[in-house]
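Colleague: If it helps, the file is called query-v5.csv and holds CSV, C-alpha atoms:
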```csv
chain,number,residue,atom,x,y,z
A,1,MET,CA,59.5,138.1,190.4
A,2,VAL,CA,55.9,139.4,189.9
A,3,ARG,CA,53.4,136.6,189.5
A,4,ASP,CA,51.9,136.3,186.1
A,5,ALA,CA,54.2,139.0,184.6
A,6,TRP,CA,53.8,139.9,180.9
A,7,THR,CA,56.0,137.3,179.1
A,8,ALA,CA,57.7,137.5,175.7
A,9,THR,CA,59.0,134.2,174.3
A,10,VAL,CA,61.2,134.5,171.3
A,11,LEU,CA,62.0,131.6,168.9
A,12,THR,CA,65.3,132.5,167.2
A,13,LEU,CA,68.5,131.0,165.7
A,14,PHE,CA,70.5,133.6,167.7
A,15,PRO,CA,69.3,133.5,171.4
A,16,GLU,CA,72.4,135.3,172.3
A,17,MET,CA,70.9,138.5,170.7
A,18,PHE,CA,68.6,138.7,173.7
A,19,PRO,CA,68.0,140.7,175.8
A,20,GLY,CA,70.4,143.0,174.0
A,21,PRO,CA,69.0,146.5,174.1
A,22,LEU,CA,66.0,145.2,176.1
A,23,GLY,CA,68.4,144.7,179.0
A,24,LEU,CA,69.0,148.5,179.2
A,25,SER,CA,67.0,151.6,180.1
A,26,LEU,CA,63.3,151.4,180.9
A,27,ALA,CA,62.9,147.8,179.5
A,28,GLY,CA,66.0,146.6,181.3
A,29,ARG,CA,65.0,148.0,184.7
A,30,ALA,CA,61.5,146.6,184.3
A,31,LEU,CA,63.0,143.2,183.4
A,32,GLU,CA,65.2,143.3,186.5
A,33,THR,CA,62.3,144.1,188.8
A,34,GLY,CA,60.1,141.3,187.2
A,35,ARG,CA,57.5,143.6,185.6
A,36,TRP,CA,57.9,141.4,182.5
A,37,ARG,CA,59.8,138.2,181.5
A,38,LEU,CA,61.8,137.3,178.5
A,39,GLU,CA,62.6,133.8,177.2
A,40,ALA,CA,64.8,133.3,174.2
A,41,VAL,CA,64.6,129.8,172.7
A,42,ASP,CA,67.0,128.3,170.2
A,43,ILE,CA,65.2,126.9,167.2
A,44,ARG,CA,68.1,124.5,166.5
A,45,ASP,CA,67.3,122.6,169.7
A,46,PHE,CA,64.3,121.1,167.7
A,47,ALA,CA,66.3,120.0,164.7
A,48,VAL,CA,65.9,116.3,163.7
A,49,ASP,CA,69.4,115.5,162.4
A,50,ARG,CA,72.9,115.5,163.9
A,51,HIS,CA,73.8,118.7,162.0
A,52,ARG,CA,71.0,120.6,163.7
A,53,SER,CA,69.7,121.7,160.3
A,54,VAL,CA,66.7,124.0,160.3
A,55,ASP,CA,66.4,124.9,156.6
A,56,ASP,CA,66.2,123.3,153.2
A,57,THR,CA,66.1,124.3,149.5
A,58,PRO,CA,62.8,125.9,148.3
A,59,SER,CA,60.4,123.7,146.5
A,60,GLY,CA,60.2,124.7,142.9
A,61,GLY,CA,63.7,126.0,142.9
A,62,GLY,CA,65.1,129.5,143.4
A,63,PRO,CA,67.7,131.2,145.6
A,64,GLY,CA,68.0,130.9,149.3
A,65,MET,CA,66.8,128.5,151.9
A,66,VAL,CA,63.5,128.0,153.7
A,67,MET,CA,63.0,127.2,157.4
A,68,ARG,CA,61.5,123.6,157.6
A,69,ALA,CA,57.9,123.1,158.6
A,70,ASP,CA,58.6,120.1,160.9
A,71,VAL,CA,61.4,121.8,162.8
A,72,MET,CA,59.4,125.1,163.2
A,73,ALA,CA,56.3,123.2,164.3
A,74,ALA,CA,58.1,121.3,167.0
A,75,ALA,CA,59.7,124.6,168.3
A,76,ILE,CA,56.4,126.4,168.2
A,77,ASP,CA,54.5,123.7,170.0
A,78,ALA,CA,57.1,123.5,172.7
A,79,VAL,CA,56.9,127.2,173.6
A,80,HIS,CA,53.3,127.9,172.6
A,81,PRO,CA,51.2,124.8,173.4
A,82,ALA,CA,47.4,124.5,172.8
A,83,GLY,CA,45.6,126.8,175.2
A,84,ASP,CA,48.4,129.4,175.5
A,85,PRO,CA,46.5,132.7,175.4
A,86,ARG,CA,49.3,134.7,174.0
A,87,PRO,CA,49.3,135.8,170.4
A,88,LEU,CA,51.7,133.9,168.1
A,89,ILE,CA,53.5,136.4,165.8
A,90,TYR,CA,55.9,135.9,163.0
A,91,LEU,CA,58.0,139.0,162.2
A,92,SER,CA,57.8,139.2,158.4
A,93,PRO,CA,57.9,141.9,155.7
A,94,ARG,CA,54.7,140.3,154.3
A,95,GLY,CA,52.8,140.9,157.5
A,96,ARG,CA,50.3,143.6,158.4
A,97,PRO,CA,52.1,146.8,159.5
A,98,LEU,CA,52.5,147.1,163.3
A,99,ARG,CA,50.4,150.0,164.6
A,100,GLN,CA,50.3,151.6,168.0
A,101,ALA,CA,46.7,150.2,168.5
A,102,ARG,CA,48.1,146.7,168.2
A,103,VAL,CA,50.9,147.5,170.5
A,104,ARG,CA,48.4,148.6,173.1
A,105,GLU,CA,46.4,145.4,172.6
A,106,LEU,CA,49.5,143.3,173.2
A,107,ALA,CA,50.4,145.3,176.3
A,108,ALA,CA,46.9,144.6,177.8
A,109,GLY,CA,47.4,140.9,177.3
A,110,PRO,CA,49.5,138.2,179.0
A,111,GLY,CA,52.4,138.4,176.7
A,112,VAL,CA,53.4,137.3,173.2
A,113,ALA,CA,55.3,134.5,171.4
A,114,LEU,CA,57.5,135.7,168.6
A,115,ILE,CA,59.0,133.8,165.7
A,116,CYS,CA,62.2,135.3,164.2
A,117,GLY,CA,62.6,134.1,160.6
A,118,ARG,CA,65.9,133.8,158.7
A,119,PHE,CA,66.8,132.9,155.1
A,120,GLU,CA,63.8,133.1,152.8
A,121,GLY,CA,61.4,132.7,155.7
A,122,LEU,CA,59.1,130.0,157.0
A,123,ASP,CA,57.4,127.1,155.2
A,124,GLN,CA,53.9,128.4,154.4
A,125,ARG,CA,52.3,125.3,155.8
A,126,VAL,CA,53.4,125.9,159.3
A,127,ILE,CA,52.1,129.5,159.2
A,128,GLU,CA,48.7,128.2,158.1
A,129,ALA,CA,48.6,125.1,160.4
A,130,ARG,CA,49.5,127.2,163.6
A,131,ALA,CA,47.4,130.2,162.6
A,132,ILE,CA,50.4,132.5,163.0
A,133,GLU,CA,49.9,136.2,162.8
A,134,GLU,CA,52.3,137.9,160.5
A,135,VAL,CA,53.5,141.4,161.5
A,136,SER,CA,55.8,143.8,159.6
A,137,LEU,CA,57.7,146.8,161.0
A,138,GLY,CA,57.8,148.5,157.6
A,139,ASP,CA,58.4,148.2,153.9
A,140,PHE,CA,62.0,147.1,154.2
A,141,VAL,CA,63.8,143.8,154.6
A,142,LEU,CA,66.1,142.8,157.5
A,143,SER,CA,68.6,139.9,157.6
A,144,GLY,CA,66.4,138.3,160.3
A,145,GLY,CA,63.5,138.9,162.6
A,146,GLU,CA,65.5,139.5,165.8
A,147,PRO,CA,65.8,143.3,165.4
A,148,ALA,CA,62.1,143.5,164.6
A,149,ALA,CA,61.2,141.3,167.7
A,150,ILE,CA,63.3,143.6,169.9
A,151,ALA,CA,61.5,146.7,168.5
A,152,LEU,CA,58.1,145.1,169.1
A,153,ILE,CA,58.9,144.0,172.6
A,154,ASP,CA,60.3,147.5,173.5
A,155,ALA,CA,57.2,149.2,172.1
A,156,VAL,CA,55.0,147.0,174.3
A,157,VAL,CA,57.0,146.9,177.5
A,158,ARG,CA,57.1,150.7,177.9
A,159,LEU,CA,53.3,150.6,178.1
A,160,LEU,CA,53.1,148.0,180.9
A,161,PRO,CA,52.0,149.4,184.2
A,162,GLY,CA,54.7,151.0,186.2
A,163,VAL,CA,57.4,151.0,183.5
A,164,MET,CA,57.3,154.7,182.5
A,165,GLY,CA,57.8,157.2,185.2
A,166,LYS,CA,54.7,159.2,184.5
A,167,ASP,CA,51.4,157.7,183.3
A,168,ALA,CA,50.8,160.8,181.1
A,169,SER,CA,54.2,160.5,179.4
A,170,GLY,CA,52.9,158.1,176.8
A,171,THR,CA,49.6,159.7,176.0
A,172,GLU,CA,50.8,162.6,173.9
A,173,GLU,CA,53.3,160.7,171.8
A,174,SER,CA,53.2,160.0,168.0
A,175,PHE,CA,50.3,157.8,167.0
A,176,GLU,CA,48.5,157.8,170.3
A,177,SER,CA,45.9,160.3,169.1
A,178,GLY,CA,46.2,159.3,165.4
A,179,LEU,CA,48.7,162.2,164.9
A,180,LEU,CA,52.5,162.5,164.9
A,181,GLU,CA,53.9,164.2,168.0
A,182,TYR,CA,54.5,168.0,168.1
A,183,PRO,CA,58.1,169.3,168.2
A,184,HIS,CA,59.9,169.7,171.5
A,185,TYR,CA,62.3,172.4,172.8
A,186,THR,CA,64.4,173.0,175.9
A,187,ARG,CA,67.3,175.2,177.1
A,188,PRO,CA,69.1,177.2,175.9
A,189,GLN,CA,66.5,179.8,175.0
A,190,ILE,CA,68.5,180.7,171.8
A,191,PHE,CA,70.5,178.0,169.9
A,192,GLU,CA,72.6,179.0,166.9
A,193,GLY,CA,70.2,182.0,166.3
A,194,ARG,CA,67.1,179.9,166.7
A,195,GLU,CA,64.6,180.8,169.5
A,196,ILE,CA,62.1,178.7,171.3
A,197,PRO,CA,58.6,179.6,170.0
A,198,PRO,CA,57.4,182.4,172.3
A,199,VAL,CA,54.1,180.6,173.0
A,200,LEU,CA,56.0,177.9,174.9
A,201,THR,CA,57.5,180.3,177.3
A,202,SER,CA,54.3,182.4,177.7
A,203,GLY,CA,53.0,180.5,180.7
A,204,ASP,CA,49.6,180.3,179.0
A,205,HIS,CA,48.8,176.6,179.2
A,206,LYS,CA,45.7,176.9,177.0
A,207,LYS,CA,47.7,178.6,174.2
A,208,VAL,CA,50.5,176.0,174.6
A,209,LYS,CA,48.0,173.2,174.2
A,210,ALA,CA,46.5,174.7,171.1
A,211,TRP,CA,49.9,175.3,169.6
A,212,ARG,CA,51.0,171.7,170.2
A,213,ARG,CA,47.8,170.4,168.6
A,214,ALA,CA,48.2,172.6,165.6
A,215,GLU,CA,51.8,171.5,165.2
A,216,ALA,CA,50.9,167.9,165.5
A,217,GLU,CA,48.2,168.3,162.8
A,218,ARG,CA,50.6,170.2,160.5
A,219,THR,CA,53.4,167.7,160.9
A,220,THR,CA,51.1,164.7,160.2
A,221,ARG,CA,49.5,166.4,157.2
A,222,GLU,CA,52.9,167.2,155.7
A,223,ARG,CA,54.8,164.0,156.5
A,224,ARG,CA,52.2,161.3,156.7
A,225,PRO,CA,49.3,162.0,154.5
A,226,ASP,CA,48.1,158.4,155.0
A,227,LEU,CA,47.8,159.0,158.8
A,228,TRP,CA,46.2,162.4,158.1
A,229,ASP,CA,43.5,160.9,155.9
A,230,ASP,CA,42.8,158.2,158.6
A,231,PHE,CA,42.6,161.0,161.2
A,232,LEU,CA,40.1,163.0,159.2
A,233,ARG,CA,37.9,159.9,158.6
A,234,LYS,CA,37.8,159.1,162.3
A,235,LYS,CA,37.4,162.7,163.5
A,236,PRO,CA,33.9,163.3,164.9
```
Starting from the file, lay out its structure as structure tokens.

Modeller:
Amino acid sequence: MVRDAWTATVLTLFPEMFPGPLGLSLAGRALETGRWRLEAVDIRDFAVDRHRSVDDTPSGGGPGMVMRADVMAAAIDAVHPAGDPRPLIYLSPRGRPLRQARVRELAAGPGVALICGRFEGLDQRVIEARAIEEVSLGDFVLSGGEPAAIALIDAVVRLLPGVMGKDASGTEESFESGLLEYPHYTRPQIFEGREIPPVLTSGDHKKVKAWRRAEAERTTRERRPDLWDDFLRKKP
């Protein structure tokens, strides 16, 4: 095991969901070789009654259940004590959208502690009391935070030193330059009547680079006008 490896601690009601996909491919190989560590902790271990209850009815009425502040605080304090330098993140549709820049920041740090909500979410008081960062993967709702936690960890782990085969393989991907990635092609030369763009087989690396840049800009402009506007604002 590599000393001081990047460590992800996940608070969840379903620890058996981990490592899941994180145990395969790049992340799985990196986990096996100790380039990063994963701890899945069962929130029910911190329940205060014999039924191991972690939720209760919402104050003010309404549907669903809310994860109790006392149970969550005990779980959080056990895995993320005072002085832990890792960010404490709650996967929530109310959170700030996860961006590649934040992923790079997390990859540069010592790790992360993630909270996977269920039901209607966490009691707001524990979010405020523990200064928890809320992060969203998008404008949609999942049945729980576990799939989002897996996605976040995967996004970070692939950026850790030595995980990807070539250092350059991550530098031209979507979002790294503020643009979506250009399209890719490979053999066969002709597929169902569609040819590879001739510039890509021309051998002229300067023209290939220019074509890829133009395609990245076109794709971003057409599919993600929000990213395109941000790109234009930041462009020198």

Colleague: Measuring between all atoms listed in the file, which one of A:His184, A:His80, A:Lys207, A:Arg158 shows the shortest distance to Ala108 in chain A?

Modeller: A:Arg158

Colleague: Could you list, as a list in words, every residue within 10 Å of range 23-36 of chain A, counting all atoms listed in the file and ignoring same-chain residues fewer than 2 positions away?

Modeller: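 In the requested format, the answer is Met1, Val2, Arg3, Asp4, Ala5, Trp6, Thr7, Ala8, Phe18, Pro19, Gly20, Pro21, Leu38, Pro110, Gly111, Ile153, Asp154, Ala155, Val156, Val157, Arg158, Leu160, Pro161, Gly162, Val163, Met164 and Gly165 of chain A.
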
Colleague: Nearest to Gly145 in chain A: which of A:Ala78, A:Arg96, A:Val199, A:Tyr90 is it, counting all atoms listed in the file?

Modeller: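 For Gly145 in chain A, the nearest of the given residues is A:Tyr90.
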
Colleague: CA of Asp204 in chain A to CA of Thr219 in chain A: how many Å, to one decimal?

Modeller: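 Atom-to-atom, CA of Asp204 in chain A to CA of Thr219 in chain A, that is 22.4 Å.
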
Colleague: What is the distance between CA of Ile150 in chain A and CA of Pro87 in chain A, in Å to one decimal?

Modeller: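 Here the two named atoms are 16.0 Å from each other.
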
Colleague: When you draw a straight line from CA of Ala47 in chain A to CA of Pro93 in chain A, how long is it in Å?

Modeller: 25.1 Å

Colleague: Let me make sure I understand: among A:Arg218, A:Glu176, A:Tyr185, A:His205, which one has the smallest atom-to-atom distance to Arg102 in chain A if we use only C-alpha atoms?

Modeller: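 Selected residue with least distance to Arg102 in chain A: A:Glu176.
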
Colleague: Tell me which residues come within 12 Å of (73.8, 129.9, 172.1), as a PyMOL selection string, counting all atoms listed in the file in the file's coordinates.

Modeller: chain A and resi 12-18+40-45

Colleague: Counting only C-alpha atoms, I want the residues whose atoms come within 6 Å of (67.1, 136.0, 159.5) in the file frame, returned as number ranges by chain.

Modeller: A: 117-119, 143-145

Colleague: Nearest to Ile89 in chain A among A:Glu146, A:Glu217, A:Asp139, A:Glu134, with distances taken over all atoms listed in the file: which residue is it?

Modeller: A:Glu134

Colleague: What lies within 12 Å of range 233-236 of chain A using all atoms listed in the file, ignoring chain neighbours under 6 positions off, as a PyMOL selection string?

Modeller: chain A and resi 177-179+226-227

Colleague: Check the smallest atom-to-atom distance from each of A:Arg52, A:Lys209, A:Leu152, A:Ile132 to Gln100 in chain A using all atoms listed in the file, then report the winner.

Modeller: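 Using all atoms listed in the file, the shortest distance to Gln100 in chain A belongs to A:Leu152.
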
Colleague: Choose the residue, out of A:Ile76, A:Leu200, A:Val208, A:Ala101, that has the smallest atom-to-atom separation from Ala131 in chain A; count all atoms listed in the file.

Modeller: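 Looking only at the distances to Ala131 in chain A, the closest residue turns out to be A:Ile76.
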
Colleague: Some atoms are absent from range 44-74 of chain A, so rebuild N, CA and C atoms and return them as a short mmCIF file (atom, residue, chain, number, x, y, z; two decimals), keeping the file's coordinate frame.

Modeller:
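After the write, selection.cif holds the following:
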```
data_model
loop_
_atom_site.label_atom_id
_atom_site.label_comp_id
_atom_site.auth_asym_id
_atom_site.auth_seq_id
_atom_site.Cartn_x
_atom_site.Cartn_y
_atom_site.Cartn_z
N ARG A 44 67.32 125.69 166.84
CA ARG A 44 68.10 124.50 166.50
C ARG A 44 67.99 123.38 167.50
N ASP A 45 67.49 123.68 168.68
CA ASP A 45 67.30 122.60 169.70
C ASP A 45 66.20 121.64 169.22
N PHE A 46 65.44 122.00 168.18
CA PHE A 46 64.30 121.10 167.70
C PHE A 46 64.64 120.52 166.36
N ALA A 47 65.90 120.63 165.91
CA ALA A 47 66.30 120.00 164.70
C ALA A 47 66.25 118.48 164.80
N VAL A 48 66.14 117.78 163.67
CA VAL A 48 65.90 116.30 163.70
C VAL A 48 67.16 115.56 163.18
N ASP A 49 68.24 116.25 162.86
CA ASP A 49 69.40 115.50 162.40
C ASP A 49 70.65 115.98 163.21
N ARG A 50 71.74 115.25 163.04
CA ARG A 50 72.90 115.50 163.90
C ARG A 50 73.60 116.83 163.52
N HIS A 51 73.28 117.38 162.35
CA HIS A 51 73.80 118.70 162.00
C HIS A 51 73.01 119.85 162.46
N ARG A 52 71.91 119.56 163.12
CA ARG A 52 71.00 120.60 163.70
C ARG A 52 70.49 121.50 162.55
N SER A 53 70.13 120.90 161.43
CA SER A 53 69.70 121.70 160.30
C SER A 53 68.24 122.19 160.53
N VAL A 54 68.01 123.43 160.14
CA VAL A 54 66.70 124.00 160.30
C VAL A 54 66.08 124.50 159.01
N ASP A 55 66.83 124.37 157.91
CA ASP A 55 66.40 124.90 156.60
C ASP A 55 66.63 123.88 155.52
N ASP A 56 66.00 124.14 154.36
CA ASP A 56 66.20 123.30 153.20
C ASP A 56 65.93 124.13 151.96
N THR A 57 66.25 123.56 150.80
CA THR A 57 66.10 124.30 149.50
C THR A 57 64.58 124.51 149.25
N PRO A 58 64.21 125.61 148.61
CA PRO A 58 62.80 125.90 148.30
C PRO A 58 62.24 124.98 147.25
N SER A 59 61.03 124.47 147.48
CA SER A 59 60.40 123.70 146.50
C SER A 59 60.08 124.53 145.25
N GLY A 60 60.34 123.97 144.07
CA GLY A 60 60.20 124.70 142.90
C GLY A 60 61.41 125.45 142.42
N GLY A 61 62.47 125.36 143.23
CA GLY A 61 63.70 126.00 142.90
C GLY A 61 63.78 127.45 143.28
N GLY A 62 64.91 128.06 143.03
CA GLY A 62 65.10 129.50 143.40
C GLY A 62 66.20 129.65 144.39
N PRO A 63 66.56 130.91 144.64
CA PRO A 63 67.70 131.20 145.60
C PRO A 63 67.26 131.05 147.02
N GLY A 64 68.26 130.93 147.87
CA GLY A 64 68.00 130.90 149.30
C GLY A 64 67.56 129.61 149.86
N MET A 65 67.24 129.63 151.13
CA MET A 65 66.80 128.50 151.90
C MET A 65 65.50 128.83 152.61
N VAL A 66 64.73 127.80 152.97
CA VAL A 66 63.50 128.00 153.70
C VAL A 66 63.50 127.23 154.98
N MET A 67 63.00 127.83 156.05
CA MET A 67 63.00 127.20 157.40
C MET A 67 61.93 126.05 157.33
N ARG A 68 62.35 124.86 157.74
CA ARG A 68 61.50 123.60 157.60
C ARG A 68 60.30 123.68 158.48
N ALA A 69 59.20 123.16 157.92
CA ALA A 69 57.90 123.10 158.60
C ALA A 69 57.98 122.25 159.86
N ASP A 70 58.61 121.07 159.75
CA ASP A 70 58.60 120.10 160.90
C ASP A 70 59.42 120.67 162.06
N VAL A 71 60.56 121.27 161.77
CA VAL A 71 61.40 121.80 162.80
C VAL A 71 60.68 123.00 163.50
N MET A 72 60.13 123.88 162.69
CA MET A 72 59.40 125.10 163.20
C MET A 72 58.21 124.66 164.04
N ALA A 73 57.46 123.68 163.55
CA ALA A 73 56.30 123.20 164.30
C ALA A 73 56.62 122.70 165.65
N ALA A 74 57.70 121.91 165.70
CA ALA A 74 58.10 121.30 167.00
C ALA A 74 58.54 122.46 167.96
#
```
